[in-house]
$ cat input-v9.txt   # compact mmCIF, N, CA and C atoms
# COMPACT_ATOMS: atom_id res chain seq x y z
N ASP A 118 -130.28 64.91 17.03
CA ASP A 118 -130.14 63.46 16.96
C ASP A 118 -129.40 62.98 18.22
N LEU A 119 -130.01 62.13 18.97
CA LEU A 119 -129.45 61.64 20.23
C LEU A 119 -128.10 60.97 20.04
N PHE A 120 -127.99 60.14 19.03
CA PHE A 120 -126.76 59.37 18.82
C PHE A 120 -125.59 60.28 18.47
N THR A 121 -125.83 61.29 17.67
CA THR A 121 -124.80 62.25 17.31
C THR A 121 -124.43 63.13 18.51
N ASP A 122 -125.44 63.53 19.27
CA ASP A 122 -125.21 64.42 20.41
C ASP A 122 -124.36 63.77 21.50
N LEU A 123 -124.48 62.47 21.67
CA LEU A 123 -123.75 61.80 22.74
C LEU A 123 -122.38 61.28 22.32
N LYS A 124 -122.06 61.33 21.03
CA LYS A 124 -120.81 60.74 20.52
C LYS A 124 -119.54 61.31 21.13
N ASN A 125 -119.50 62.61 21.42
CA ASN A 125 -118.25 63.18 21.93
C ASN A 125 -118.17 63.19 23.45
N GLY A 126 -119.25 62.81 24.11
CA GLY A 126 -119.24 62.69 25.57
C GLY A 126 -119.51 63.97 26.33
N GLU A 127 -119.47 65.11 25.65
CA GLU A 127 -119.66 66.38 26.35
C GLU A 127 -121.07 66.53 26.91
N ARG A 128 -122.06 66.18 26.11
CA ARG A 128 -123.45 66.31 26.58
C ARG A 128 -123.76 65.28 27.65
N LEU A 129 -123.18 64.11 27.55
CA LEU A 129 -123.40 63.09 28.57
C LEU A 129 -122.80 63.55 29.90
N LEU A 130 -121.60 64.10 29.87
CA LEU A 130 -120.99 64.63 31.09
C LEU A 130 -121.82 65.78 31.66
N SER A 131 -122.35 66.63 30.79
CA SER A 131 -123.20 67.73 31.26
C SER A 131 -124.47 67.21 31.92
N LEU A 132 -125.07 66.18 31.34
CA LEU A 132 -126.27 65.58 31.92
C LEU A 132 -125.98 65.00 33.30
N ILE A 133 -124.90 64.25 33.40
CA ILE A 133 -124.53 63.65 34.69
C ILE A 133 -124.20 64.75 35.70
N GLU A 134 -123.57 65.81 35.24
CA GLU A 134 -123.23 66.94 36.11
C GLU A 134 -124.50 67.56 36.70
N VAL A 135 -125.52 67.75 35.87
CA VAL A 135 -126.78 68.33 36.33
C VAL A 135 -127.50 67.38 37.29
N LEU A 136 -127.53 66.11 36.95
CA LEU A 136 -128.25 65.13 37.77
C LEU A 136 -127.56 64.88 39.11
N SER A 137 -126.24 64.88 39.11
CA SER A 137 -125.50 64.48 40.30
C SER A 137 -124.97 65.64 41.14
N GLY A 138 -124.78 66.79 40.52
CA GLY A 138 -124.19 67.92 41.23
C GLY A 138 -122.67 67.89 41.24
N LEU A 139 -122.07 66.89 40.59
CA LEU A 139 -120.62 66.80 40.49
C LEU A 139 -120.10 67.79 39.45
N ASN A 140 -118.84 68.16 39.57
CA ASN A 140 -118.21 69.04 38.60
C ASN A 140 -117.45 68.18 37.59
N LEU A 141 -118.00 68.00 36.40
CA LEU A 141 -117.41 67.12 35.38
C LEU A 141 -117.15 67.91 34.10
N LYS A 142 -116.01 68.54 34.02
CA LYS A 142 -115.66 69.33 32.83
C LYS A 142 -115.11 68.41 31.75
N PRO A 143 -115.68 68.47 30.55
CA PRO A 143 -115.20 67.61 29.46
C PRO A 143 -113.94 68.14 28.79
N GLU A 144 -113.24 67.24 28.13
CA GLU A 144 -112.14 67.64 27.25
C GLU A 144 -112.78 68.23 25.99
N ARG A 145 -112.24 69.32 25.51
CA ARG A 145 -112.85 70.02 24.37
C ARG A 145 -112.23 69.66 23.02
N GLY A 146 -111.37 68.67 22.97
CA GLY A 146 -110.73 68.30 21.72
C GLY A 146 -111.70 67.70 20.72
N LYS A 147 -111.29 67.69 19.46
CA LYS A 147 -112.14 67.17 18.40
C LYS A 147 -111.71 65.78 17.92
N LEU A 148 -110.68 65.24 18.51
CA LEU A 148 -110.20 63.93 18.10
C LEU A 148 -110.95 62.82 18.81
N ARG A 149 -110.95 61.66 18.20
CA ARG A 149 -111.63 60.50 18.77
C ARG A 149 -111.13 60.20 20.19
N VAL A 150 -109.84 60.37 20.43
CA VAL A 150 -109.27 60.08 21.75
C VAL A 150 -109.90 60.97 22.82
N HIS A 151 -110.20 62.23 22.50
CA HIS A 151 -110.84 63.13 23.45
C HIS A 151 -112.28 62.67 23.73
N HIS A 152 -112.96 62.24 22.69
CA HIS A 152 -114.33 61.75 22.85
C HIS A 152 -114.35 60.49 23.72
N ILE A 153 -113.41 59.59 23.46
CA ILE A 153 -113.32 58.35 24.25
C ILE A 153 -113.03 58.69 25.71
N ASN A 154 -112.12 59.62 25.96
CA ASN A 154 -111.80 60.01 27.34
C ASN A 154 -113.02 60.59 28.05
N ASN A 155 -113.78 61.44 27.37
CA ASN A 155 -114.99 62.00 27.97
C ASN A 155 -115.99 60.90 28.32
N LEU A 156 -116.19 59.98 27.40
CA LEU A 156 -117.15 58.91 27.64
C LEU A 156 -116.66 57.94 28.71
N ASN A 157 -115.37 57.65 28.72
CA ASN A 157 -114.83 56.79 29.79
C ASN A 157 -115.06 57.41 31.15
N ARG A 158 -114.85 58.70 31.24
CA ARG A 158 -115.06 59.41 32.51
C ARG A 158 -116.53 59.34 32.93
N ALA A 159 -117.43 59.57 31.98
CA ALA A 159 -118.86 59.51 32.28
C ALA A 159 -119.27 58.11 32.73
N LEU A 160 -118.81 57.10 32.03
CA LEU A 160 -119.17 55.72 32.38
C LEU A 160 -118.59 55.33 33.73
N GLU A 161 -117.37 55.77 34.03
CA GLU A 161 -116.77 55.50 35.34
C GLU A 161 -117.57 56.12 36.47
N VAL A 162 -118.02 57.35 36.29
CA VAL A 162 -118.82 58.02 37.31
C VAL A 162 -120.12 57.25 37.54
N LEU A 163 -120.77 56.84 36.46
CA LEU A 163 -122.03 56.11 36.59
C LEU A 163 -121.83 54.77 37.31
N GLU A 164 -120.77 54.07 36.96
CA GLU A 164 -120.53 52.75 37.57
C GLU A 164 -120.01 52.86 39.00
N ASN A 165 -119.04 53.72 39.23
CA ASN A 165 -118.39 53.78 40.54
C ASN A 165 -119.16 54.59 41.58
N ASN A 166 -119.74 55.70 41.18
CA ASN A 166 -120.43 56.57 42.14
C ASN A 166 -121.89 56.18 42.35
N TYR A 167 -122.51 55.59 41.33
CA TYR A 167 -123.95 55.33 41.41
C TYR A 167 -124.31 53.87 41.19
N SER A 168 -123.33 53.01 41.06
CA SER A 168 -123.53 51.57 40.91
C SER A 168 -124.50 51.22 39.78
N ILE A 169 -124.44 52.00 38.71
CA ILE A 169 -125.27 51.70 37.54
C ILE A 169 -124.54 50.64 36.73
N LYS A 170 -125.20 49.53 36.49
CA LYS A 170 -124.61 48.43 35.73
C LYS A 170 -124.68 48.72 34.24
N LEU A 171 -123.53 48.79 33.61
CA LEU A 171 -123.45 49.06 32.18
C LEU A 171 -122.87 47.84 31.49
N VAL A 172 -123.68 46.83 31.35
CA VAL A 172 -123.24 45.56 30.79
C VAL A 172 -123.04 45.71 29.28
N ASN A 173 -121.85 45.41 28.83
CA ASN A 173 -121.49 45.43 27.41
C ASN A 173 -121.61 46.80 26.75
N ILE A 174 -121.57 47.88 27.53
CA ILE A 174 -121.59 49.23 26.97
C ILE A 174 -120.21 49.84 27.20
N SER A 175 -119.56 50.21 26.10
CA SER A 175 -118.23 50.83 26.21
C SER A 175 -118.24 52.20 25.53
N SER A 176 -117.22 52.96 25.80
CA SER A 176 -117.11 54.28 25.18
C SER A 176 -117.00 54.17 23.66
N ASN A 177 -116.35 53.13 23.18
CA ASN A 177 -116.23 52.93 21.73
C ASN A 177 -117.59 52.75 21.07
N ASP A 178 -118.50 52.05 21.74
CA ASP A 178 -119.84 51.83 21.20
C ASP A 178 -120.59 53.15 21.05
N ILE A 179 -120.45 54.03 22.03
CA ILE A 179 -121.15 55.31 22.00
C ILE A 179 -120.53 56.23 20.94
N VAL A 180 -119.19 56.26 20.87
CA VAL A 180 -118.51 57.08 19.85
C VAL A 180 -118.89 56.61 18.45
N ASP A 181 -119.03 55.30 18.28
CA ASP A 181 -119.40 54.75 16.97
C ASP A 181 -120.88 54.96 16.65
N GLY A 182 -121.67 55.40 17.63
CA GLY A 182 -123.08 55.69 17.40
C GLY A 182 -123.98 54.48 17.38
N SER A 183 -123.63 53.43 18.10
CA SER A 183 -124.46 52.23 18.17
C SER A 183 -125.81 52.55 18.81
N PRO A 184 -126.90 52.49 18.03
CA PRO A 184 -128.21 52.86 18.58
C PRO A 184 -128.64 52.00 19.76
N LYS A 185 -128.46 50.70 19.65
CA LYS A 185 -128.91 49.79 20.71
C LYS A 185 -128.19 50.08 22.03
N LEU A 186 -126.89 50.23 21.99
CA LEU A 186 -126.12 50.44 23.22
C LEU A 186 -126.26 51.86 23.75
N THR A 187 -126.41 52.83 22.86
CA THR A 187 -126.64 54.21 23.31
C THR A 187 -127.98 54.32 24.02
N LEU A 188 -129.01 53.71 23.45
CA LEU A 188 -130.32 53.72 24.10
C LEU A 188 -130.28 52.94 25.42
N GLY A 189 -129.51 51.87 25.46
CA GLY A 189 -129.35 51.12 26.71
C GLY A 189 -128.72 51.97 27.80
N LEU A 190 -127.74 52.77 27.43
CA LEU A 190 -127.10 53.67 28.38
C LEU A 190 -128.08 54.72 28.89
N VAL A 191 -128.81 55.33 27.97
CA VAL A 191 -129.78 56.36 28.35
C VAL A 191 -130.86 55.75 29.25
N TRP A 192 -131.31 54.56 28.92
CA TRP A 192 -132.34 53.90 29.73
C TRP A 192 -131.81 53.59 31.13
N SER A 193 -130.58 53.18 31.24
CA SER A 193 -129.99 52.91 32.56
C SER A 193 -129.95 54.18 33.41
N ILE A 194 -129.63 55.30 32.78
CA ILE A 194 -129.62 56.58 33.50
C ILE A 194 -131.03 56.95 33.94
N ILE A 195 -132.00 56.77 33.06
CA ILE A 195 -133.40 57.07 33.39
C ILE A 195 -133.87 56.23 34.56
N LEU A 196 -133.56 54.95 34.54
CA LEU A 196 -134.00 54.06 35.63
C LEU A 196 -133.39 54.45 36.96
N HIS A 197 -132.16 54.94 36.94
CA HIS A 197 -131.51 55.32 38.20
C HIS A 197 -132.08 56.61 38.77
N TRP A 198 -132.29 57.60 37.91
CA TRP A 198 -132.79 58.88 38.38
C TRP A 198 -134.28 58.97 38.17

$ encode --input "input-v9.txt" --output "structure tokens"
Amino acid sequence: DLFTDLKNGERLLSLIEVLSGLNLKPERGKLRVHHINNLNRALEVLENNYSIKLVNISSNDIVDGSPKLTLGLVWSIILHW
């Protein structure tokens, strides 16, 4: 399930790592704060390094499993690469 897989940010960081060649090691904690930190890092890399516009998409939305915003994030990545 895409929404479950992206909730903790580890798979998103791995995807960005493969696409970009950057070294992005995720936090391995199981708490929400670790998931938020992973997603914040991933979103920062996308916005700052690749100028991908993430309008109204936050780490909280992805952790909460919002289908609309998660798909919007994935689509933005697809359009860039």

$ atom_distance --input "input-v9.txt" --atom1 "CA of Asn166 in chain A" --atom2 "CA of Lys142 in chain A"
16.5 Å

$ residues_around --input "input-v9.txt" --residues "His152 in chain A" --least-positions-apart "5" --cutoff "12 Å" --atoms "only C-alpha atoms" --output "list in words"
Thr121, Asp122, Leu123, Lys124, Asn125, Gly126, Glu127, Arg128, Leu129, Leu130, Pro143, Glu144, Arg145, Gly146, Lys147, Asn157, Arg158, Ala159, Ser176, Asn177, Asp178, Ile179, Val180, Asp181 and Gly182 of chain A

$ residues_around --input "input-v9.txt" --residues "Val172 in chain A" --least-positions-apart "3" --cutoff "12 Å" --atoms "only C-alpha atoms" --output "list in words"
Leu160, Glu164, Ser168, Ile169, Ser175, Asp178, Leu186, Thr187, Gly189, Leu190 and Ser193 of chain A

$ atom_distance --input "input-v9.txt" --atom1 "atom N of Leu136 in chain A" --atom2 "CA of Trp198 in chain A"
9.1 Å

$ atom_distance --input "input-v9.txt" --atom1 "CA of Tyr167 in chain A" --atom2 "CA of Leu148 in chain A"
28.4 Å

$ select_by_dssp --input "input-v9.txt" --residues "chain A" --states "alpha helix (DSSP H)" --output "PyMOL selection string"
chain A and resi 119-123+127-137+149-167+176-180+184-197

$ axis_aligned_box --input "input-v9.txt" --around "range 173-189 of chain A" --padding-each-side "5 Å" --output "lines of an AutoDock Vina configuration file"
center_x = -123.3
center_y = 51.2
center_z = 22.7
size_x = 24.1
size_y = 21.7
size_z = 22.2

$ closest_residue --input "input-v9.txt" --among "A:Val150, A:Lys170, A:Asn155, A:Phe120" --to "Leu188 in chain A" --atoms "all atoms listed in the file"
A:Phe120
